[in-house]
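J.: Sharing final_16.cif below, mmCIF, C-alpha atoms:
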data_final
#
loop_
_atom_site.group_PDB
_atom_site.id
_atom_site.type_symbol
_atom_site.label_atom_id
_atom_site.label_comp_id
_atom_site.auth_asym_id
_atom_site.auth_seq_id
_atom_site.Cartn_x
_atom_site.Cartn_y
_atom_site.Cartn_z
ATOM 1 C CA MET A 94 -39.906 26.816 -1.638
ATOM 2 C CA GLU A 95 -37.880 29.919 -2.518
ATOM 3 C CA LEU A 96 -35.752 29.641 -5.621
ATOM 4 C CA ILE A 97 -32.589 31.427 -6.691
ATOM 5 C CA ASN A 98 -31.280 31.694 -10.200
ATOM 6 C CA SER A 99 -27.505 31.881 -9.804
ATOM 7 C CA SER A 100 -27.161 33.873 -13.024
ATOM 8 C CA TRP A 101 -29.235 36.868 -11.851
ATOM 9 C CA PHE A 102 -29.401 36.843 -8.055
ATOM 10 C CA GLN A 103 -27.012 36.368 -5.200
ATOM 11 C CA PRO A 104 -25.464 32.886 -5.533
ATOM 12 C CA PRO A 105 -26.794 30.340 -3.034
ATOM 13 C CA ILE A 106 -24.796 28.997 -0.115
ATOM 14 C CA LEU A 107 -24.302 25.250 -0.293
ATOM 15 C CA PHE A 108 -23.779 23.011 2.736
ATOM 16 C CA LEU A 109 -21.240 20.209 2.712
ATOM 17 C CA THR A 110 -21.669 16.961 4.627
ATOM 18 C CA GLY A 111 -19.209 15.147 6.880
ATOM 19 C CA ILE A 112 -20.185 11.667 8.081
ATOM 20 C CA PRO A 113 -23.910 11.294 8.874
ATOM 21 C CA GLY A 114 -24.478 10.335 12.518
ATOM 22 C CA LEU A 115 -20.923 11.197 13.604
ATOM 23 C CA GLU A 116 -21.221 14.994 13.709
ATOM 24 C CA THR A 117 -20.124 15.118 17.367
ATOM 25 C CA VAL A 118 -16.788 13.408 16.708
ATOM 26 C CA LEU A 119 -15.843 15.078 13.423
ATOM 27 C CA ILE A 120 -12.913 16.877 15.048
ATOM 28 C CA TRP A 121 -11.365 13.530 16.021
ATOM 29 C CA ILE A 122 -11.828 12.202 12.492
ATOM 30 C CA SER A 123 -10.028 15.294 11.147
ATOM 31 C CA PHE A 124 -6.693 14.107 12.611
ATOM 32 C CA PRO A 125 -6.474 10.807 10.682
ATOM 33 C CA LEU A 126 -7.732 12.658 7.597
ATOM 34 C CA GLY A 127 -4.930 15.183 8.054
ATOM 35 C CA VAL A 128 -2.437 12.310 8.283
ATOM 36 C CA ILE A 129 -3.880 10.783 5.096
ATOM 37 C CA TYR A 130 -3.479 14.097 3.270
ATOM 38 C CA LEU A 131 0.086 14.392 4.587
ATOM 39 C CA ILE A 132 0.921 10.886 3.356
ATOM 40 C CA ALA A 133 -0.586 11.633 -0.058
ATOM 41 C CA LEU A 134 1.257 14.935 -0.482
ATOM 42 C CA LEU A 135 4.612 13.731 0.904
ATOM 43 C CA GLY A 136 4.454 10.444 -0.996
ATOM 44 C CA ASN A 137 3.701 12.002 -4.365
ATOM 45 C CA CYS A 138 6.142 14.885 -3.856
ATOM 46 C CA THR A 139 8.822 12.318 -2.967
ATOM 47 C CA ILE A 140 8.114 10.435 -6.203
ATOM 48 C CA LEU A 141 8.423 13.707 -8.140
ATOM 49 C CA PHE A 142 11.677 14.600 -6.376
ATOM 50 C CA VAL A 143 13.250 11.164 -6.898
ATOM 51 C CA ILE A 144 12.389 11.052 -10.607
ATOM 52 C CA LYS A 145 13.531 14.642 -11.212
ATOM 53 C CA THR A 146 16.893 14.246 -9.430
ATOM 54 C CA THR A 147 17.769 10.750 -10.721
ATOM 55 C CA SER A 148 18.944 10.754 -14.334
ATOM 56 C CA SER A 149 18.505 6.984 -14.690
ATOM 57 C CA LEU A 150 14.753 7.477 -14.085
ATOM 58 C CA HIS A 151 14.340 9.917 -16.969
ATOM 59 C CA GLU A 152 12.616 7.228 -18.988
ATOM 60 C CA PRO A 153 9.062 7.213 -20.439
ATOM 61 C CA GLN A 154 7.451 5.026 -17.772
ATOM 62 C CA TYR A 155 8.861 7.160 -14.935
ATOM 63 C CA ILE A 156 7.965 10.409 -16.686
ATOM 64 C CA PHE A 157 4.376 9.158 -16.897
ATOM 65 C CA LEU A 158 4.605 8.214 -13.221
ATOM 66 C CA SER A 159 5.727 11.751 -12.363
ATOM 67 C CA MET A 160 2.708 13.094 -14.299
ATOM 68 C CA LEU A 161 0.477 10.790 -12.268
ATOM 69 C CA ALA A 162 2.059 11.961 -9.006
ATOM 70 C CA ALA A 163 1.650 15.639 -9.976
ATOM 71 C CA THR A 164 -2.019 15.015 -10.785
ATOM 72 C CA ASP A 165 -2.569 13.334 -7.416
ATOM 73 C CA VAL A 166 -0.968 16.313 -5.667
ATOM 74 C CA GLY A 167 -3.316 18.648 -7.539
ATOM 75 C CA LEU A 168 -6.367 16.532 -6.659
ATOM 76 C CA SER A 169 -5.398 16.430 -2.977
ATOM 77 C CA LEU A 170 -4.799 20.187 -2.759
ATOM 78 C CA THR A 171 -8.119 20.865 -4.490
ATOM 79 C CA THR A 172 -10.147 19.098 -1.808
ATOM 80 C CA LEU A 173 -7.953 19.790 1.235
ATOM 81 C CA PRO A 174 -9.544 23.144 2.284
ATOM 82 C CA THR A 175 -13.182 22.006 2.342
ATOM 83 C CA VAL A 176 -12.544 18.538 3.786
ATOM 84 C CA LEU A 177 -10.524 19.842 6.742
ATOM 85 C CA ASN A 178 -12.946 22.760 7.185
ATOM 86 C CA VAL A 179 -15.837 20.329 7.570
ATOM 87 C CA PHE A 180 -14.098 17.853 9.848
ATOM 88 C CA LEU A 181 -11.817 20.141 11.870
ATOM 89 C CA LEU A 182 -13.844 23.355 12.148
ATOM 90 C CA ASN A 183 -17.338 22.028 11.358
ATOM 91 C CA HIS A 184 -17.519 24.797 8.758
ATOM 92 C CA ARG A 185 -19.918 23.364 6.198
ATOM 93 C CA GLU A 186 -20.900 26.393 4.139
ATOM 94 C CA ILE A 187 -19.406 26.944 0.704
ATOM 95 C CA GLU A 188 -20.285 29.736 -1.702
ATOM 96 C CA PHE A 189 -21.769 28.605 -5.022
ATOM 97 C CA HIS A 190 -18.967 29.883 -7.275
ATOM 98 C CA CYS A 191 -16.302 28.441 -4.950
ATOM 99 C CA CYS A 192 -18.124 25.121 -5.203
ATOM 100 C CA LEU A 193 -18.154 25.308 -9.006
ATOM 101 C CA THR A 194 -14.434 26.118 -9.039
ATOM 102 C CA GLN A 195 -13.610 23.161 -6.788
ATOM 103 C CA MET A 196 -15.882 20.904 -8.849
ATOM 104 C CA PHE A 197 -14.107 21.954 -12.050
ATOM 105 C CA PHE A 198 -10.656 21.122 -10.663
ATOM 106 C CA ILE A 199 -11.758 17.806 -9.116
ATOM 107 C CA HIS A 200 -13.231 16.588 -12.397
ATOM 108 C CA THR A 201 -10.377 18.043 -14.457
ATOM 109 C CA PHE A 202 -7.674 16.318 -12.402
ATOM 110 C CA SER A 203 -9.696 13.079 -12.469
ATOM 111 C CA SER A 204 -9.915 13.247 -16.271
ATOM 112 C CA ILE A 205 -6.179 13.986 -16.524
ATOM 113 C CA GLU A 206 -5.423 11.008 -14.277
ATOM 114 C CA SER A 207 -7.563 8.750 -16.448
ATOM 115 C CA ALA A 208 -5.693 9.919 -19.575
ATOM 116 C CA ILE A 209 -2.316 9.379 -17.900
ATOM 117 C CA LEU A 210 -3.336 5.848 -16.898
ATOM 118 C CA LEU A 211 -4.135 5.235 -20.575
ATOM 119 C CA ALA A 212 -0.720 6.640 -21.564
ATOM 120 C CA MET A 213 0.935 4.323 -19.025
ATOM 121 C CA ALA A 214 -0.969 1.367 -20.496
ATOM 122 C CA PHE A 215 0.301 2.363 -23.947
ATOM 123 C CA ASP A 216 3.821 2.550 -22.507
ATOM 124 C CA ARG A 217 3.524 -1.018 -21.195
ATOM 125 C CA PHE A 218 2.018 -2.171 -24.505
ATOM 126 C CA VAL A 219 4.951 -0.800 -26.537
ATOM 127 C CA ALA A 220 7.540 -2.070 -24.020
ATOM 128 C CA ILE A 221 6.192 -5.638 -24.115
ATOM 129 C CA CYS A 222 4.710 -5.990 -27.612
ATOM 130 C CA ASN A 223 7.228 -3.912 -29.580
ATOM 131 C CA PRO A 224 10.324 -3.423 -27.391
ATOM 132 C CA LEU A 225 12.714 -2.725 -30.293
ATOM 133 C CA HIS A 226 10.767 0.423 -31.208
ATOM 134 C CA TYR A 227 10.201 1.584 -27.602
ATOM 135 C CA THR A 228 12.621 4.520 -27.700
ATOM 136 C CA VAL A 229 11.522 5.454 -31.233
ATOM 137 C CA VAL A 230 7.809 5.520 -30.387
ATOM 138 C CA LEU A 231 7.977 7.105 -26.925
ATOM 139 C CA THR A 232 10.229 10.085 -27.577
ATOM 140 C CA PRO A 233 10.313 13.069 -25.150
ATOM 141 C CA PRO A 234 8.328 15.342 -27.538
ATOM 142 C CA ARG A 235 5.622 12.678 -27.899
ATOM 143 C CA ILE A 236 5.433 12.160 -24.143
ATOM 144 C CA THR A 237 5.112 15.918 -23.626
ATOM 145 C CA GLY A 238 2.439 16.017 -26.324
ATOM 146 C CA MET A 239 0.481 13.232 -24.635
ATOM 147 C CA GLY A 240 0.561 15.167 -21.360
ATOM 148 C CA LEU A 241 -0.625 18.364 -23.068
ATOM 149 C CA VAL A 242 -3.430 16.488 -24.834
ATOM 150 C CA ALA A 243 -4.557 15.032 -21.483
ATOM 151 C CA VAL A 244 -4.708 18.498 -19.892
ATOM 152 C CA THR A 245 -6.359 20.150 -22.921
ATOM 153 C CA ARG A 246 -9.000 17.446 -23.211
ATOM 154 C CA ALA A 247 -9.803 17.618 -19.502
ATOM 155 C CA VAL A 248 -10.177 21.401 -19.455
ATOM 156 C CA ALA A 249 -12.238 21.447 -22.663
ATOM 157 C CA LEU A 250 -14.612 18.726 -21.416
ATOM 158 C CA MET A 251 -15.000 19.969 -17.837
ATOM 159 C CA ALA A 252 -15.372 23.725 -18.416
ATOM 160 C CA PRO A 253 -18.993 23.454 -19.694
ATOM 161 C CA LEU A 254 -20.042 21.701 -16.447
ATOM 162 C CA SER A 255 -19.859 24.952 -14.470
ATOM 163 C CA ILE A 256 -21.469 26.978 -17.268
ATOM 164 C CA LEU A 257 -24.415 24.584 -17.496
ATOM 165 C CA LEU A 258 -24.923 24.608 -13.718
ATOM 166 C CA LYS A 259 -24.837 28.417 -13.510
ATOM 167 C CA ARG A 260 -27.951 28.689 -15.691
ATOM 168 C CA LEU A 261 -30.037 26.612 -13.238
ATOM 169 C CA SER A 262 -32.179 27.721 -10.303
ATOM 170 C CA PHE A 263 -31.238 26.444 -6.865
ATOM 171 C CA CYS A 264 -33.101 26.342 -3.567
ATOM 172 C CA LYS A 265 -31.711 28.142 -0.537
ATOM 173 C CA GLY A 266 -29.858 26.024 1.994
ATOM 174 C CA ILE A 267 -29.240 23.004 -0.209
ATOM 175 C CA ILE A 268 -27.196 20.199 1.358
ATOM 176 C CA LEU A 269 -24.626 18.244 -0.639
ATOM 177 C CA SER A 270 -23.843 14.581 0.023
ATOM 178 C CA HIS A 271 -20.067 14.962 0.395
ATOM 179 C CA CYS A 272 -17.403 17.156 1.958
ATOM 180 C CA TYR A 273 -16.450 18.465 -1.499
ATOM 181 C CA CYS A 274 -18.325 19.514 -4.642
ATOM 182 C CA TYR A 275 -19.048 16.728 -7.122
ATOM 183 C CA HIS A 276 -21.006 17.442 -10.306
ATOM 184 C CA PRO A 277 -23.805 14.816 -10.061
ATOM 185 C CA ASP A 278 -24.293 15.796 -6.414
ATOM 186 C CA VAL A 279 -24.669 19.517 -7.200
ATOM 187 C CA MET A 280 -26.771 18.885 -10.318
ATOM 188 C CA LYS A 281 -29.436 16.769 -8.630
ATOM 189 C CA LEU A 282 -30.162 19.524 -6.092
ATOM 190 C CA ALA A 283 -31.098 22.074 -8.751
ATOM 191 C CA CYS A 284 -34.754 23.085 -8.772
ATOM 192 C CA GLY A 285 -34.878 23.596 -12.532
ATOM 193 C CA PRO A 286 -34.727 21.073 -15.401
ATOM 194 C CA VAL A 287 -31.394 19.264 -15.546
ATOM 195 C CA ARG A 288 -31.897 17.150 -18.669
ATOM 196 C CA VAL A 289 -29.199 18.981 -20.634
ATOM 197 C CA ASN A 290 -26.782 18.718 -17.677
ATOM 198 C CA GLY A 291 -27.470 15.006 -17.324
ATOM 199 C CA ILE A 292 -26.976 14.297 -21.035
ATOM 200 C CA TYR A 293 -23.754 16.294 -21.131
ATOM 201 C CA GLY A 294 -22.492 14.602 -17.962
ATOM 202 C CA LEU A 295 -23.124 11.172 -19.485
ATOM 203 C CA CYS A 296 -21.421 12.161 -22.772
ATOM 204 C CA LEU A 297 -18.484 13.517 -20.779
ATOM 205 C CA VAL A 298 -18.079 10.249 -18.863
ATOM 206 C CA LEU A 299 -18.231 8.215 -22.076
ATOM 207 C CA CYS A 300 -15.812 10.504 -23.962
ATOM 208 C CA SER A 301 -13.196 10.577 -21.207
ATOM 209 C CA PHE A 302 -13.354 7.749 -18.661
ATOM 210 C CA GLY A 303 -15.250 5.397 -20.988
ATOM 211 C CA VAL A 304 -12.833 5.811 -23.902
ATOM 212 C CA ASP A 305 -9.757 5.620 -21.648
ATOM 213 C CA SER A 306 -10.859 2.484 -19.805
ATOM 214 C CA THR A 307 -11.811 0.771 -23.087
ATOM 215 C CA PHE A 308 -8.375 1.391 -24.611
ATOM 216 C CA ILE A 309 -6.670 0.311 -21.372
ATOM 217 C CA ILE A 310 -8.549 -3.004 -21.553
ATOM 218 C CA ILE A 311 -7.632 -3.422 -25.236
ATOM 219 C CA SER A 312 -3.971 -2.692 -24.404
ATOM 220 C CA TYR A 313 -3.901 -5.405 -21.761
ATOM 221 C CA ILE A 314 -5.647 -7.917 -24.019
ATOM 222 C CA LEU A 315 -2.865 -7.377 -26.589
ATOM 223 C CA ILE A 316 -0.218 -7.482 -23.830
ATOM 224 C CA LEU A 317 -1.628 -10.764 -22.512
ATOM 225 C CA LYS A 318 -1.656 -12.204 -26.026
ATOM 226 C CA THR A 319 2.023 -11.281 -26.458
ATOM 227 C CA VAL A 320 2.988 -12.596 -23.013
ATOM 228 C CA LEU A 321 1.308 -15.947 -23.649
ATOM 229 C CA GLY A 322 3.450 -16.222 -26.774
ATOM 230 C CA ILE A 323 6.649 -16.103 -24.703
ATOM 231 C CA ALA A 324 8.104 -19.587 -24.435
ATOM 232 C CA SER A 325 9.502 -19.540 -20.904
ATOM 233 C CA LYS A 326 7.386 -19.175 -17.762
ATOM 234 C CA SER A 327 10.026 -16.946 -16.200
ATOM 235 C CA GLY A 328 9.837 -14.638 -19.215
ATOM 236 C CA GLN A 329 6.057 -14.479 -18.927
ATOM 237 C CA LEU A 330 6.196 -13.665 -15.219
ATOM 238 C CA LYS A 331 8.884 -11.030 -15.765
ATOM 239 C CA ALA A 332 6.791 -9.308 -18.443
ATOM 240 C CA LEU A 333 3.619 -9.395 -16.361
ATOM 241 C CA ASN A 334 5.457 -8.182 -13.274
ATOM 242 C CA THR A 335 6.203 -4.878 -15.018
ATOM 243 C CA CYS A 336 2.434 -4.304 -15.317
ATOM 244 C CA VAL A 337 1.371 -5.153 -11.754
ATOM 245 C CA SER A 338 1.727 -1.636 -10.328
ATOM 246 C CA HIS A 339 -0.171 -0.080 -13.214
ATOM 247 C CA ILE A 340 -2.977 -2.657 -13.071
ATOM 248 C CA PHE A 341 -3.392 -2.026 -9.346
ATOM 249 C CA THR A 342 -3.452 1.744 -9.916
ATOM 250 C CA VAL A 343 -6.098 1.384 -12.634
ATOM 251 C CA PHE A 344 -8.182 -0.767 -10.304
ATOM 252 C CA ILE A 345 -8.079 1.603 -7.317
ATOM 253 C CA PHE A 346 -8.874 4.578 -9.563
ATOM 254 C CA TYR A 347 -11.743 3.223 -11.640
ATOM 255 C CA VAL A 348 -13.608 1.048 -9.112
ATOM 256 C CA PRO A 349 -14.492 3.857 -6.629
ATOM 257 C CA LEU A 350 -15.184 6.194 -9.587
ATOM 258 C CA ILE A 351 -17.616 3.748 -11.207
ATOM 259 C CA VAL A 352 -19.345 2.865 -7.921
ATOM 260 C CA LEU A 353 -19.717 6.549 -6.979
ATOM 261 C CA ALA A 354 -21.166 7.365 -10.418
ATOM 262 C CA LEU A 355 -23.635 4.465 -10.166
ATOM 263 C CA ILE A 356 -24.699 5.516 -6.673
ATOM 264 C CA HIS A 357 -25.494 9.041 -7.849
ATOM 265 C CA ARG A 358 -27.328 7.841 -10.953
ATOM 266 C CA PHE A 359 -29.269 4.872 -9.577
ATOM 267 C CA GLY A 360 -28.788 4.821 -5.798
ATOM 268 C CA THR A 361 -31.649 7.078 -4.677
ATOM 269 C CA PHE A 362 -32.447 4.847 -1.724
ATOM 270 C CA THR A 363 -28.907 3.908 -0.713
ATOM 271 C CA SER A 364 -27.543 4.811 2.707
ATOM 272 C CA PRO A 365 -25.952 8.285 3.066
ATOM 273 C CA LEU A 366 -23.032 6.513 4.750
ATOM 274 C CA LEU A 367 -22.394 4.569 1.521
ATOM 275 C CA HIS A 368 -22.315 7.870 -0.405
ATOM 276 C CA VAL A 369 -19.728 9.294 1.994
ATOM 277 C CA THR A 370 -17.623 6.108 2.071
ATOM 278 C CA MET A 371 -17.344 5.814 -1.701
ATOM 279 C CA ALA A 372 -16.758 9.564 -2.084
ATOM 280 C CA ASN A 373 -13.849 9.415 0.374
ATOM 281 C CA LEU A 374 -12.409 6.282 -1.259
ATOM 282 C CA PHE A 375 -12.500 8.083 -4.611
ATOM 283 C CA LEU A 376 -10.798 11.054 -2.978
ATOM 284 C CA PHE A 377 -8.058 9.347 -0.955
ATOM 285 C CA LEU A 378 -7.385 5.869 -2.314
ATOM 286 C CA THR A 379 -5.385 6.720 -5.430
ATOM 287 C CA PRO A 380 -3.247 9.632 -4.089
ATOM 288 C CA VAL A 381 -2.315 7.670 -0.959
ATOM 289 C CA LEU A 382 -1.679 4.226 -2.450
ATOM 290 C CA ASN A 383 0.010 5.162 -5.740
ATOM 291 C CA PRO A 384 3.317 6.298 -4.156
ATOM 292 C CA LEU A 385 3.345 3.274 -1.836
ATOM 293 C CA VAL A 386 2.670 0.819 -4.669
ATOM 294 C CA TYR A 387 5.306 2.237 -7.022
ATOM 295 C CA SER A 388 7.864 2.645 -4.227
ATOM 296 C CA LEU A 389 7.467 -0.972 -3.168
ATOM 297 C CA LYS A 390 7.093 -2.570 -6.610
ATOM 298 C CA THR A 391 9.567 -0.530 -8.670
ATOM 299 C CA LYS A 392 13.133 -1.602 -7.971
ATOM 300 C CA GLN A 393 14.739 1.561 -9.385
ATOM 301 C CA ILE A 394 12.628 3.891 -7.235
ATOM 302 C CA ARG A 395 13.071 1.696 -4.177
ATOM 303 C CA SER A 396 16.863 1.612 -4.538
ATOM 304 C CA THR A 397 17.020 5.377 -5.140
ATOM 305 C CA LEU A 398 14.957 6.055 -1.999
ATOM 306 C CA HIS A 399 17.222 3.695 -0.060
ATOM 307 C CA LYS A 400 20.303 5.621 -1.238
ATOM 308 C CA ILE A 401 18.740 8.960 -0.306
ATOM 309 C CA PHE A 402 17.781 7.848 3.204
ATOM 310 C CA LYS A 403 21.103 6.086 3.691
ATOM 311 C CA GLY A 404 22.917 9.256 2.676
ATOM 312 C CA LYS A 405 20.906 11.281 5.181
ATOM 313 C CA GLU A 406 21.728 8.811 7.939
ATOM 314 C CA ASN A 407 25.444 9.093 7.149
ATOM 315 C CA VAL A 408 25.219 12.894 7.263
ATOM 316 C CA LEU A 409 23.493 12.777 10.653
ATOM 317 C CA LYS A 410 26.194 10.488 11.997
#
Could you quickly redo this structure as structure tokens?

T.:
Amino acid sequence: MELINSSWFQPPILFLTGIPGLETVLIWISFPLGVIYLIALLGNCTILFVIKTTSSLHEPQYIFLSMLAATDVGLSLTTLPTVLNVFLLNHREIEFHCCLTQMFFIHTFSSIESAILLAMAFDRFVAICNPLHYTVVLTPPRITGMGLVAVTRAVALMAPLSILLKRLSFCKGIILSHCYCYHPDVMKLACGPVRVNGIYGLCLVLCSFGVDSTFIIISYILILKTVLGIASKSGQLKALNTCVSHIFTVFIFYVPLIVLALIHRFGTFTSPLLHVTMANLFLFLTPVLNPLVYSLKTKQIRSTLHKIFKGKENVLK
């Protein structure tokens, strides 16, 4: 089998995968995918617009929500070109360096989202466990600092992924498992030794997603302990109700991520359809559902949206 070292020779062309067995109807699948992307982009941009233009929403929890929405927009735009190319145009080829660039942004935005979910858990922890110090602890400079730390950490951790992959040899005509570039997927198709890549990938997961999820769990254990100390049932329910949207968001982000990681690490004999399904859930679930969840569950956002649409209706009349 002919090998190519991407550092010295012409970079290989990689081939993306749509849905195995449904190649003849990919163009029809592209339309609902386009609608899903539209919902994700419009929903998150609407959240950003509402929070930016409504002074009463310039509070820590909504600022974190706007960070989450911006991250989801970035993640959606990162994968949009290749996904629609595969399903709409059946254009599966992607140049190696383009693949590495897309991979970097996918993993970077995912790491940023994980850090923001941790920041939102901290916000709920302070609001419920230490409400008197809420405005003192979560000041605008600290919130900005938390956002900058999330971005800096993500870039610093994800940048070596591309560098480590560039040193490997790849076979011509290698086929990826998804319609976008995902590090474990690209790494396992290298023809050279990938031990260093695998060790770094595992350390990266532990240092970002592992640390974040652990502290999120600790935050909610402390929140639950505080809530159980509230005398009235109504007070307990009111406190827990402020966490429902965040808990749901954490669930829909981490479950597909964990399952996809396990499939790539241990699922050698799993169905290709399972690979594609979990990859698409990881890609679409959070950006699409986050705006819907927060719009429906957050009274302030819901009332602001109602005022905006009501104002537009009055203008049209």

J.: Going by the chain IDs and residue numbers used in this file, which residues fall under the PyMOL selection byres ((chain A and resi 246-261) around 7)? Write them as a list of chain:residue names.

T.: A:Asn98, A:Ser99, A:Ser100, A:Leu193, A:Phe197, A:His200, A:Thr201, A:Ser204, A:Ile205, A:Val242, A:Ala243, A:Val244, A:Thr245, A:Ser262, A:Phe263, A:Met280, A:Ala283, A:Gly285, A:Asn290, A:Leu297

J.: On this structure, the PyMOL selection byres ((chain A and resi 351) around 12) would catch which residues? List them as a list in words, sorted by chain and number.

T.: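 When the PyMOL selection byres ((chain A and resi 351) around 12) is applied to the shown file, the picked residues are Val298, Leu299, Phe302, Gly303, Ser306, Val343, Phe344, Ile345, Phe346, Tyr347, Val348, Pro349, Leu350, Val352, Leu353, Ala354, Leu355, Ile356, His357, Arg358, Phe359, Met371, Ala372, Leu374 and Phe375 of chain A.
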
J.: Identify which of the residues A:Thr117, A:Gln195, A:Ser123, A:Thr307 lies closest to Asn178 (chain A), counting all atoms listed in the file when measuring atom-to-atom distances.

T.: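 Result for the nearest residue to Asn178 (chain A): A:Ser123.
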
J.: Do a neighbour search on Ile314 (chain A) at 12 Å with all atoms listed in the file, toss out local chain neighbours closer than 5 positions, and write the hits as number ranges by chain.

T.: A: 214-215, 217-218, 222, 307-309, 319-321

J.: Could you write those residues out with C-alpha atoms, as a PDB file, in the coordinates of the input?

T.:
ATOM      1  CA  ALA A 214      -0.969   1.367 -20.496  1.00  0.00           C
ATOM      2  CA  PHE A 215       0.301   2.363 -23.947  1.00  0.00           C
ATOM      3  CA  ARG A 217       3.524  -1.018 -21.195  1.00  0.00           C
ATOM      4  CA  PHE A 218       2.018  -2.171 -24.505  1.00  0.00           C
ATOM      5  CA  CYS A 222       4.710  -5.990 -27.612  1.00  0.00           C
ATOM      6  CA  THR A 307     -11.811   0.771 -23.087  1.00  0.00           C
ATOM      7  CA  PHE A 308      -8.375   1.391 -24.611  1.00  0.00           C
ATOM      8  CA  ILE A 309      -6.670   0.311 -21.372  1.00  0.00           C
ATOM      9  CA  THR A 319       2.023 -11.281 -26.458  1.00  0.00           C
ATOM     10  CA  VAL A 320       2.988 -12.596 -23.013  1.00  0.00           C
ATOM     11  CA  LEU A 321       1.308 -15.947 -23.649  1.00  0.00           C
TER      12      LEU A 321
END

J.: Between CA of Ala162 (chain A) and CA of Ile140 (chain A), measure the distance and give it in Å to one decimal.

T.: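 Answer for the CA of Ala162 (chain A) to CA of Ile140 (chain A) separation: 6.8 Å.
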
J.: Once 4 Å is added on each side, what are the centre and the three edge lengths, in Å to one decimal, of the axis-aligned box enclosing the listed atoms of region 158-169 of chain A? Present them as JSON.

T.:
{"center_x": -0.3, "center_y": 13.4, "center_z": -8.6, "size_x": 20.1, "size_y": 18.4, "size_z": 19.3}

J.: Find the residues around Phe377 (chain A) up to 9 Å (all atoms listed in the file counted), leave out those fewer than 4 positions away in its own chain, and share them as number ranges by chain.

T.: A: 129-130, 133, 169, 372-373, 381-382

J.: Could you save those same residues with C-alpha atoms as a PDB file, in the coordinates of the input?

T.:
ATOM      1  CA  ILE A 129      -3.880  10.783   5.096  1.00  0.00           C
ATOM      2  CA  TYR A 130      -3.479  14.097   3.270  1.00  0.00           C
ATOM      3  CA  ALA A 133      -0.586  11.633  -0.058  1.00  0.00           C
ATOM      4  CA  SER A 169      -5.398  16.430  -2.977  1.00  0.00           C
ATOM      5  CA  ALA A 372     -16.758   9.564  -2.084  1.00  0.00           C
ATOM      6  CA  ASN A 373     -13.849   9.415   0.374  1.00  0.00           C
ATOM      7  CA  VAL A 381      -2.315   7.670  -0.959  1.00  0.00           C
ATOM      8  CA  LEU A 382      -1.679   4.226  -2.450  1.00  0.00           C
TER       9      LEU A 382
END

J.: Go through A:Ile236, A:Leu378, A:Leu107, A:Leu317 and flag the residue nearest Thr342 (chain A), using only C-alpha atoms for the distances.

T.: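 Going through A:Ile236, A:Leu378, A:Leu107, A:Leu317 one by one, the smallest distance to Thr342 (chain A) is for A:Leu378.
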